[in-house]
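Structure file query-v7.cif; described as mmCIF, C-alpha atoms.
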data_work
loop_
_atom_site.label_atom_id
_atom_site.label_comp_id
_atom_site.auth_asym_id
_atom_site.auth_seq_id
_atom_site.Cartn_x
_atom_site.Cartn_y
_atom_site.Cartn_z
CA MET W 1 -26.99 -13.86 20.67
CA LYS W 2 -28.63 -10.45 20.42
CA ASN W 3 -25.78 -9.01 22.51
CA ARG W 4 -23.37 -10.27 19.89
CA ALA W 5 -25.16 -8.40 17.12
CA ALA W 6 -25.03 -5.23 19.19
CA TYR W 7 -21.31 -5.68 19.81
CA PHE W 8 -20.76 -6.21 16.10
CA GLY W 9 -22.51 -2.90 15.41
CA VAL W 10 -20.32 -1.12 17.93
CA PHE W 11 -17.17 -2.63 16.42
CA THR W 12 -18.27 -1.61 12.92
CA ALA W 13 -18.94 1.94 14.10
CA LEU W 14 -15.54 2.07 15.82
CA ALA W 15 -13.74 0.79 12.72
CA LEU W 16 -15.53 3.41 10.59
CA ILE W 17 -14.59 6.19 13.00
CA PHE W 18 -10.96 5.08 12.84
CA SER W 19 -11.13 5.06 9.03
CA TYR W 20 -12.42 8.63 9.19
CA VAL W 21 -9.73 9.74 11.64
CA GLU W 22 -7.18 8.21 9.26
CA THR W 23 -8.41 10.41 6.38
CA LEU W 24 -7.84 13.48 8.58
CA ILE W 25 -4.11 12.78 8.94
CA PRO W 26 -2.59 15.13 6.36
CA ILE W 27 0.89 13.56 6.19
CA GLN W 28 1.89 12.17 2.80
CA PHE W 29 4.84 9.80 2.83
CA GLY W 30 5.68 10.12 -0.86
CA ILE W 31 4.97 6.44 -1.36
CA PRO W 32 1.44 5.33 -2.19
CA GLY W 33 -0.13 2.94 0.29
CA VAL W 34 1.92 3.93 3.32
CA LYS W 35 -0.46 4.78 6.14
CA LEU W 36 -1.10 3.83 9.73
CA GLY W 37 -4.13 1.60 9.20
CA LEU W 38 -5.87 2.60 12.41
CA ALA W 39 -9.00 0.62 11.54
CA ASN W 40 -6.93 -2.57 11.64
CA LEU W 41 -6.73 -2.09 15.39
CA ILE W 42 -10.42 -2.98 15.59
CA ILE W 43 -9.96 -5.91 13.20
CA VAL W 44 -7.12 -7.34 15.31
CA ILE W 45 -9.15 -6.96 18.51
CA MET W 46 -12.16 -8.61 16.85
CA LEU W 47 -9.93 -11.49 15.74
CA TYR W 48 -8.92 -12.10 19.35
CA LYS W 49 -12.24 -11.30 21.02
CA GLY W 50 -14.66 -12.77 18.52
CA THR W 51 -14.49 -15.47 15.85
CA VAL W 52 -12.62 -15.48 12.54
CA ARG W 53 -15.92 -15.22 10.65
CA GLU W 54 -16.84 -12.11 12.58
CA ALA W 55 -13.42 -10.58 11.96
CA PHE W 56 -13.74 -11.26 8.21
CA LEU W 57 -17.28 -9.87 8.10
CA LEU W 58 -16.18 -6.79 10.05
CA SER W 59 -13.21 -6.22 7.77
CA ILE W 60 -15.28 -6.44 4.58
CA VAL W 61 -18.18 -4.33 5.93
CA ARG W 62 -15.67 -1.74 7.14
CA ILE W 63 -13.87 -1.57 3.78
CA LEU W 64 -17.08 -1.28 1.75
CA LEU W 65 -18.58 1.42 3.99
CA SER W 66 -15.43 3.52 4.35
CA GLY W 67 -14.68 3.03 0.64
CA PHE W 68 -18.05 4.48 -0.38
CA LEU W 69 -17.81 7.25 2.22
CA PHE W 70 -14.20 8.42 1.91
CA GLY W 71 -12.71 6.66 -1.10
CA ASN W 72 -13.64 5.41 -4.53
CA LEU W 73 -14.10 2.12 -6.34
CA PHE W 74 -10.36 1.71 -6.83
CA SER W 75 -9.56 2.17 -3.18
CA ILE W 76 -12.21 -0.45 -2.33
CA VAL W 77 -10.63 -3.07 -4.61
CA TYR W 78 -7.14 -2.46 -3.20
CA SER W 79 -8.34 -2.33 0.38
CA LEU W 80 -10.24 -5.60 -0.07
CA ALA W 81 -7.17 -7.35 -1.47
CA GLY W 82 -5.01 -6.06 1.37
CA GLY W 83 -7.62 -6.67 4.05
CA VAL W 84 -8.39 -10.27 3.09
CA CYS W 85 -4.72 -11.17 2.58
CA SER W 86 -3.75 -9.62 5.90
CA LEU W 87 -6.57 -11.21 7.88
CA LEU W 88 -5.89 -14.65 6.40
CA VAL W 89 -2.23 -14.51 7.46
CA MET W 90 -3.11 -13.13 10.90
CA TYR W 91 -5.65 -15.92 11.46
CA ILE W 92 -3.15 -18.65 10.52
CA LEU W 93 -0.41 -17.16 12.73
CA LYS W 94 -2.79 -16.63 15.63
CA LYS W 95 -3.88 -20.28 15.41
CA ARG W 96 -0.27 -21.52 15.35
CA GLY W 97 0.46 -19.52 18.51
CA THR W 98 4.10 -18.83 17.62
CA PHE W 99 3.67 -15.07 17.97
CA SER W 100 2.03 -12.67 20.40
CA VAL W 101 -0.58 -10.13 19.26
CA ILE W 102 2.26 -7.83 18.21
CA GLY W 103 3.88 -10.41 15.92
CA VAL W 104 0.51 -11.32 14.42
CA SER W 105 -0.20 -7.64 13.78
CA ILE W 106 3.24 -7.11 12.18
CA ALA W 107 2.58 -9.99 9.77
CA GLY W 108 -0.87 -8.52 9.12
CA GLY W 109 0.58 -5.11 8.26
CA VAL W 110 3.21 -6.60 5.95
CA PHE W 111 0.75 -8.86 4.13
CA HIS W 112 -1.78 -6.05 3.81
CA ASN W 113 0.79 -4.20 1.72
CA ILE W 114 1.84 -7.34 -0.19
CA GLY W 115 -1.81 -8.01 -1.09
CA GLN W 116 -2.33 -4.48 -2.36
CA LEU W 117 0.92 -4.51 -4.31
CA SER W 118 -0.02 -7.80 -6.00
CA ILE W 119 -3.36 -6.36 -7.17
CA ALA W 120 -1.61 -3.21 -8.39
CA MET W 121 0.86 -5.38 -10.34
CA ALA W 122 -2.02 -7.29 -11.95
CA VAL W 123 -3.89 -4.10 -12.87
CA VAL W 124 -1.05 -2.24 -14.56
CA GLU W 125 0.75 -5.43 -15.65
CA THR W 126 4.20 -4.21 -14.73
CA VAL W 127 6.83 -5.43 -12.34
CA ALA W 128 8.23 -1.90 -12.12
CA ILE W 129 5.84 -1.37 -9.25
CA GLY W 130 7.98 -3.82 -7.27
CA TYR W 131 10.20 -0.82 -6.73
CA TYR W 132 7.88 0.02 -3.82
CA LEU W 133 8.35 -3.38 -2.18
CA PRO W 134 11.18 -2.53 0.27
CA ALA W 135 9.46 0.61 1.52
CA LEU W 136 6.10 -1.14 1.78
CA LEU W 137 7.59 -4.09 3.68
CA ALA W 138 9.28 -1.83 6.23
CA ALA W 139 6.24 0.43 6.53
CA GLY W 140 3.92 -2.56 6.97
CA ALA W 141 6.12 -3.97 9.74
CA LEU W 142 6.33 -0.62 11.57
CA THR W 143 2.63 0.25 11.40
CA GLY W 144 1.77 -3.38 12.19
CA ALA W 145 3.99 -3.24 15.29
CA LEU W 146 2.35 0.01 16.44
CA ILE W 147 -1.15 -1.40 15.96
CA GLY W 148 0.00 -4.60 17.71
CA VAL W 149 1.31 -2.76 20.78
CA VAL W 150 -1.98 -0.84 21.14
CA SER W 151 -4.04 -4.02 20.54
CA ASP W 152 -2.02 -5.82 23.19
CA ALA W 153 -2.71 -3.05 25.71
CA VAL W 154 -6.44 -2.97 24.87
CA LEU W 155 -6.77 -6.77 25.04
CA LYS W 156 -5.06 -6.86 28.47
CA ARG W 157 -7.45 -4.24 29.83
CA THR W 158 -10.55 -5.87 28.39
CA ALA W 159 -9.60 -9.42 29.38
CA LYS W 160 -12.79 -9.78 31.43
CA MET W 161 -15.06 -8.48 28.69
CA ASN W 162 -16.79 -11.06 26.55
CA LEU W 163 -18.98 -10.50 23.54
CA GLY W 164 -22.10 -12.17 25.01
CA GLN W 165 -22.23 -15.83 24.10
CA MET Z 1 6.64 -8.58 22.95
CA LYS Z 2 7.74 -12.17 22.57
CA LYS Z 3 11.15 -13.17 21.24
CA ASN Z 4 9.50 -14.54 18.10
CA ASP Z 5 7.96 -11.13 17.38
CA TRP Z 6 11.41 -9.54 17.30
CA ILE Z 7 12.67 -12.30 15.00
CA LEU Z 8 9.74 -11.66 12.64
CA LEU Z 9 10.43 -7.91 12.68
CA GLY Z 10 14.10 -8.62 11.92
CA ILE Z 11 13.27 -10.94 9.01
CA VAL Z 12 10.92 -8.40 7.43
CA PHE Z 13 13.49 -5.61 7.66
CA ALA Z 14 16.22 -7.89 6.32
CA ALA Z 15 14.00 -8.79 3.36
CA ALA Z 16 13.26 -5.10 2.75
CA ALA Z 17 16.98 -4.29 2.89
CA CYS Z 18 17.73 -7.11 0.41
CA PHE Z 19 15.20 -5.83 -2.13
CA LEU Z 20 16.46 -2.28 -1.64
CA GLY Z 21 20.02 -3.49 -2.19
CA ILE Z 22 19.04 -5.18 -5.46
CA TRP Z 23 17.55 -1.90 -6.73
CA LEU Z 24 20.48 0.22 -5.62
CA LEU Z 25 23.17 -2.12 -6.98
CA LYS Z 26 21.74 -2.13 -10.48
CA PRO Z 27 24.19 -0.27 -12.71
CA GLU Z 28 23.11 3.24 -13.61
CA SER Z 29 23.10 4.04 -17.28
CA GLU Z 30 24.07 7.56 -18.24
CA LYS Z 31 21.44 8.37 -20.82
CA LYS Z 32 18.07 7.55 -19.42
CA GLN Z 33 14.64 7.59 -20.93
CA VAL Z 34 11.21 8.09 -19.48
CA GLU Z 35 8.68 5.57 -20.72
CA VAL Z 36 4.96 6.18 -20.37
CA THR Z 37 2.28 3.52 -20.77
CA VAL Z 38 -1.47 4.09 -20.52
CA ASP Z 39 -3.76 1.13 -19.81
CA ARG Z 40 -0.90 -1.31 -20.62
CA LYS Z 41 -0.39 0.29 -24.04
CA PHE Z 42 2.77 2.11 -25.01
CA TYR Z 43 2.26 5.89 -24.98
CA GLY Z 44 5.72 7.31 -25.59
CA THR Z 45 9.32 7.69 -24.49
CA TYR Z 46 10.96 10.96 -23.59
CA ARG Z 47 14.53 11.96 -22.85
CA LEU Z 48 15.32 12.58 -19.23
CA ASP Z 49 18.04 15.14 -19.91
CA LYS Z 50 15.71 17.45 -21.81
CA ASP Z 51 13.32 19.65 -19.83
CA GLN Z 52 9.77 19.23 -21.08
CA THR Z 53 6.13 19.06 -20.09
CA ILE Z 54 4.06 16.13 -21.34
CA ASP Z 55 0.30 15.99 -21.43
CA ILE Z 56 -0.81 12.36 -21.07
CA GLY Z 57 -4.15 11.91 -22.85
CA GLY Z 58 -5.62 15.02 -21.21
CA MET Z 59 -5.63 13.17 -17.87
CA ASN Z 60 -2.23 13.78 -16.31
CA VAL Z 61 0.56 16.28 -16.78
CA LEU Z 62 4.12 15.01 -16.47
CA VAL Z 63 7.06 17.37 -16.03
CA ILE Z 64 10.68 16.49 -16.79
CA GLU Z 65 13.05 19.00 -15.23
CA ASN Z 66 16.76 18.86 -14.30
CA GLY Z 67 16.88 15.11 -14.89
CA GLN Z 68 13.92 14.47 -12.62
CA VAL Z 69 10.39 13.41 -13.44
CA LYS Z 70 7.37 14.60 -11.51
CA MET Z 71 3.65 14.16 -12.06
CA LYS Z 72 2.36 17.73 -11.90
CA GLU Z 73 -1.36 17.28 -12.43
CA ALA Z 74 -3.88 14.44 -12.48
CA ASP Z 75 -7.63 14.31 -12.77
CA CYS Z 76 -7.98 11.32 -10.45
CA PRO Z 77 -9.49 11.76 -6.98
CA ASP Z 78 -6.66 10.46 -4.79
CA LEU Z 79 -3.72 12.32 -6.40
CA LEU Z 80 -1.23 9.76 -5.06
CA CYS Z 81 0.93 10.16 -8.17
CA VAL Z 82 1.05 13.94 -7.73
CA HIS Z 83 2.20 13.55 -4.13
CA HIS Z 84 4.81 11.03 -5.23
CA LYS Z 85 8.37 12.28 -4.94
CA ALA Z 86 10.24 13.16 -8.13
CA ILE Z 87 12.02 10.18 -9.71
CA SER Z 88 15.38 10.09 -11.48
CA LYS Z 89 16.95 6.62 -11.10
CA ASP Z 90 16.84 3.69 -13.51
CA GLY Z 91 13.87 1.48 -12.67
CA GLU Z 92 12.03 4.03 -10.58
CA SER Z 93 8.41 4.67 -11.48
CA ILE Z 94 5.38 6.79 -10.77
CA ILE Z 95 2.09 4.97 -11.11
CA CYS Z 96 -1.38 6.44 -11.35
CA LEU Z 97 -3.72 3.52 -10.69
CA PRO Z 98 -7.10 5.17 -11.44
CA ASN Z 99 -5.90 6.28 -14.90
CA LYS Z 100 -3.68 3.18 -15.34
CA ILE Z 101 -0.68 5.33 -16.20
CA VAL Z 102 2.80 3.96 -15.56
CA VAL Z 103 5.83 6.24 -15.86
CA THR Z 104 9.13 4.37 -15.68
CA ILE Z 105 12.74 5.40 -16.13
CA HIS Z 106 14.84 3.13 -18.33
CA GLY Z 107 18.42 3.08 -19.47
CA GLU Z 108 18.51 4.33 -23.05
CA GLU Z 109 17.88 1.85 -25.82
CA GLU Z 110 19.42 2.59 -29.15
CA ASN Z 111 17.56 3.72 -32.24
CA THR Z 112 14.14 4.16 -30.76
CA VAL Z 113 11.72 6.27 -32.79
CA ASP Z 114 11.72 9.08 -30.27
CA GLY Z 115 15.49 9.00 -30.06
CA MET Z 116 15.56 10.00 -33.69
CA THR Z 117 12.66 12.45 -33.78
CA ASN Z 118 13.99 14.32 -30.79
#

I need this file expressed as structure tokens, please.
Amino acid sequence: MKNRAAYFGVFTALALIFSYVETLIPIQFGIPGVKLGLANLIIVIMLYKGTVREAFLLSIVRILLSGFLFGNLFSIVYSLAGGVCSLLVMYILKKRGTFSVIGVSIAGGVFHNIGQLSIAMAVVETVAIGYYLPALLAAGALTGALIGVVSDAVLKRTAKMNLGQ
Amino acid sequence: MKKNDWILLGIVFAAAACFLGIWLLKPESEKKQVEVTVDRKFYGTYRLDKDQTIDIGGMNVLVIENGQVKMKEADCPDLLCVHHKAISKDGESIICLPNKIVVTIHGEEENTVDGMTN
């Protein structure tokens, strides 16, 4: 069990590093919320390597830490909405087994954006924000696919690794 | 990549295209207005065809120029609204979440207060 705690620490550190690397990317897409979501790579891998509970814990710890370090209270609320929504959908799809890691990750990316958009709609109480929906759907699918392809490669290469039962 | 993954990717893009189509097919009205709300409350409407600079509650600065609206300044930390591209079409909006400011373009309604005072 103590190995597991150590692995969880390493995963948290990795996710935080990816969050930091993400803040270094200077490209603005002109649409709020469109970004790669590198840290989700670690979340997807945790979902497949560990348990759902660990993946949820990792996601929330990651969002809180990176939010306080690189963001603000607003970004934490939106990230939490997106993160929880995305992970929930990924878990359900993973359990059903209809999709490979890539498909699960695509759905995760799309629902991450849907979750954030829903919170934004509730906060400003306007449907005008739905104007972003097409761009956010496409962006979520593309970034999700990218993260999925990388996750797939990592999972294949670490097939023998287990997180210490 | 499994076949199902491609189907999922296709469905998402089809949905995105549908929503985009709905926005694009909406008829454009000629005289458009820029509506600003702060924290869900109405702040003001401004004509899109008149170049002007609007200070929104000392927090953000909105610029209307050549029929396009752009957020020029904001005191929020993320500046997403400032990086947002200029908007000009009916239904488009710029939203500043930290300051709860929503800037939307509408087709002109008749006899609004600002329509007369302008």

Practice item. Evaluate the PyMOL selection byres ((chain Z and resi 102) around 9) and record the selected residues as a list in words, following the chain and residue labels used in the document. Key: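 Evaluating the PyMOL selection byres ((chain Z and resi 102) around 9) on this file yields Val124, Thr126, Ala128 and Ile129 of chain W; Glu35, Val36, Thr37, Val38, Asp39, Arg40, Ser93, Ile94, Ile95, Cys96, Leu97, Lys100, Ile101, Val103 and Thr104 of chain Z.
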
Practice item. Choose the residue, out of W:Asn113, W:Thr98, W:Ser79, W:Thr12, that has the smallest atom-to-atom separation from chain Z; count all atoms listed in the file. Key: W:Thr98

Point to revise | Check: which chain Z residues lie within 6 Å of chain W using all atoms listed in the file, as a list in words | key: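 Putting it all together, I get Asn4, Asp5, Phe13, Ala16, Phe19, Leu20, Leu80, His83, His84 and Lys85 of chain Z.
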
Check your understanding: Taking only C-alpha atoms into account, which of Z:Phe42, Z:Cys76, Z:Ala86, Z:Trp6 comes nearest Val63 (chain Z)?
Key ->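 Ranked by minimum distance to Val63 (chain Z), first place goes to Z:Ala86.
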
Practice item. Tell me, in Å to one decimal, how far CA of Phe56 (chain W) is from CA of Gly83 (chain W). Key: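 Here the two named atoms are 8.7 Å from each other.
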
Exercise for review: List, as a list in words, every residue that the PyMOL selection byres ((chain W and resi 22-26) around 8) selects in the file provided.
Suggested key: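 Applied to this file, the PyMOL selection byres ((chain W and resi 22-26) around 8) selects Phe18, Ser19, Tyr20, Val21, Ile27, Gln28, Leu36, Gly37, Leu38 and Phe70 of chain W.
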
Check your understanding: What is the distance, in Å and to one decimal place, between CA of Gln52 (chain Z) and CA of Val82 (chain Z)?
Key ->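 So the answer is 16.8 Å.
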
Padded axis-aligned box of region 110-117 of chain W (3 Å per side), centre and edge lengths, Å, one decimal, as JSON:
{"center_x": 0.4, "center_y": -6.5, "center_z": 0.8, "size_x": 11.5, "size_y": 10.7, "size_z": 16.3}

Exercise for review: May I ask for the distance between CA of Thr45 (chain Z) and CA of Asp78 (chain Z), given in Å to one decimal place?
Suggested key: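 Separating CA of Thr45 (chain Z) from CA of Asp78 (chain Z) is a distance of 25.5 Å.
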
Exercise for review: Have a look at W:Val89, W:Leu41, W:Val34, W:Lys49 and name the one nearest to Lys160 (chain W); count all atoms listed in the file.
Suggested key: W:Lys49

**Study point:** Sphere at (-2.3, 14.5, -17.4), radius 10 Å, counting only C-alpha atoms: residues as a ChimeraX atom specification
**Key:** /Z:53-63,71-76,99,101

Run through the PyMOL selection byres ((chain W and resi 59) around 12) on the given coordinates and return the selected residues as a PDB file with C-alpha atoms, keeping the file's coordinate frame.
ATOM      1  CA  PHE W   8     -20.760  -6.210  16.100  1.00  0.00           C
ATOM      2  CA  PHE W  11     -17.170  -2.630  16.420  1.00  0.00           C
ATOM      3  CA  THR W  12     -18.270  -1.610  12.920  1.00  0.00           C
ATOM      4  CA  ALA W  13     -18.940   1.940  14.100  1.00  0.00           C
ATOM      5  CA  LEU W  14     -15.540   2.070  15.820  1.00  0.00           C
ATOM      6  CA  ALA W  15     -13.740   0.790  12.720  1.00  0.00           C
ATOM      7  CA  LEU W  16     -15.530   3.410  10.590  1.00  0.00           C
ATOM      8  CA  SER W  19     -11.130   5.060   9.030  1.00  0.00           C
ATOM      9  CA  ALA W  39      -9.000   0.620  11.540  1.00  0.00           C
ATOM     10  CA  ASN W  40      -6.930  -2.570  11.640  1.00  0.00           C
ATOM     11  CA  LEU W  41      -6.730  -2.090  15.390  1.00  0.00           C
ATOM     12  CA  ILE W  42     -10.420  -2.980  15.590  1.00  0.00           C
ATOM     13  CA  ILE W  43      -9.960  -5.910  13.200  1.00  0.00           C
ATOM     14  CA  VAL W  44      -7.120  -7.340  15.310  1.00  0.00           C
ATOM     15  CA  ILE W  45      -9.150  -6.960  18.510  1.00  0.00           C
ATOM     16  CA  MET W  46     -12.160  -8.610  16.850  1.00  0.00           C
ATOM     17  CA  LEU W  47      -9.930 -11.490  15.740  1.00  0.00           C
ATOM     18  CA  VAL W  52     -12.620 -15.480  12.540  1.00  0.00           C
ATOM     19  CA  ARG W  53     -15.920 -15.220  10.650  1.00  0.00           C
ATOM     20  CA  GLU W  54     -16.840 -12.110  12.580  1.00  0.00           C
ATOM     21  CA  ALA W  55     -13.420 -10.580  11.960  1.00  0.00           C
ATOM     22  CA  PHE W  56     -13.740 -11.260   8.210  1.00  0.00           C
ATOM     23  CA  LEU W  57     -17.280  -9.870   8.100  1.00  0.00           C
ATOM     24  CA  LEU W  58     -16.180  -6.790  10.050  1.00  0.00           C
ATOM     25  CA  ILE W  60     -15.280  -6.440   4.580  1.00  0.00           C
ATOM     26  CA  VAL W  61     -18.180  -4.330   5.930  1.00  0.00           C
ATOM     27  CA  ARG W  62     -15.670  -1.740   7.140  1.00  0.00           C
ATOM     28  CA  ILE W  63     -13.870  -1.570   3.780  1.00  0.00           C
ATOM     29  CA  LEU W  64     -17.080  -1.280   1.750  1.00  0.00           C
ATOM     30  CA  LEU W  65     -18.580   1.420   3.990  1.00  0.00           C
ATOM     31  CA  SER W  66     -15.430   3.520   4.350  1.00  0.00           C
ATOM     32  CA  GLY W  67     -14.680   3.030   0.640  1.00  0.00           C
ATOM     33  CA  ILE W  76     -12.210  -0.450  -2.330  1.00  0.00           C
ATOM     34  CA  SER W  79      -8.340  -2.330   0.380  1.00  0.00           C
ATOM     35  CA  LEU W  80     -10.240  -5.600  -0.070  1.00  0.00           C
ATOM     36  CA  ALA W  81      -7.170  -7.350  -1.470  1.00  0.00           C
ATOM     37  CA  GLY W  82      -5.010  -6.060   1.370  1.00  0.00           C
ATOM     38  CA  GLY W  83      -7.620  -6.670   4.050  1.00  0.00           C
ATOM     39  CA  VAL W  84      -8.390 -10.270   3.090  1.00  0.00           C
ATOM     40  CA  CYS W  85      -4.720 -11.170   2.580  1.00  0.00           C
ATOM     41  CA  SER W  86      -3.750  -9.620   5.900  1.00  0.00           C
ATOM     42  CA  LEU W  87      -6.570 -11.210   7.880  1.00  0.00           C
ATOM     43  CA  LEU W  88      -5.890 -14.650   6.400  1.00  0.00           C
TER      44      LEU W  88
END
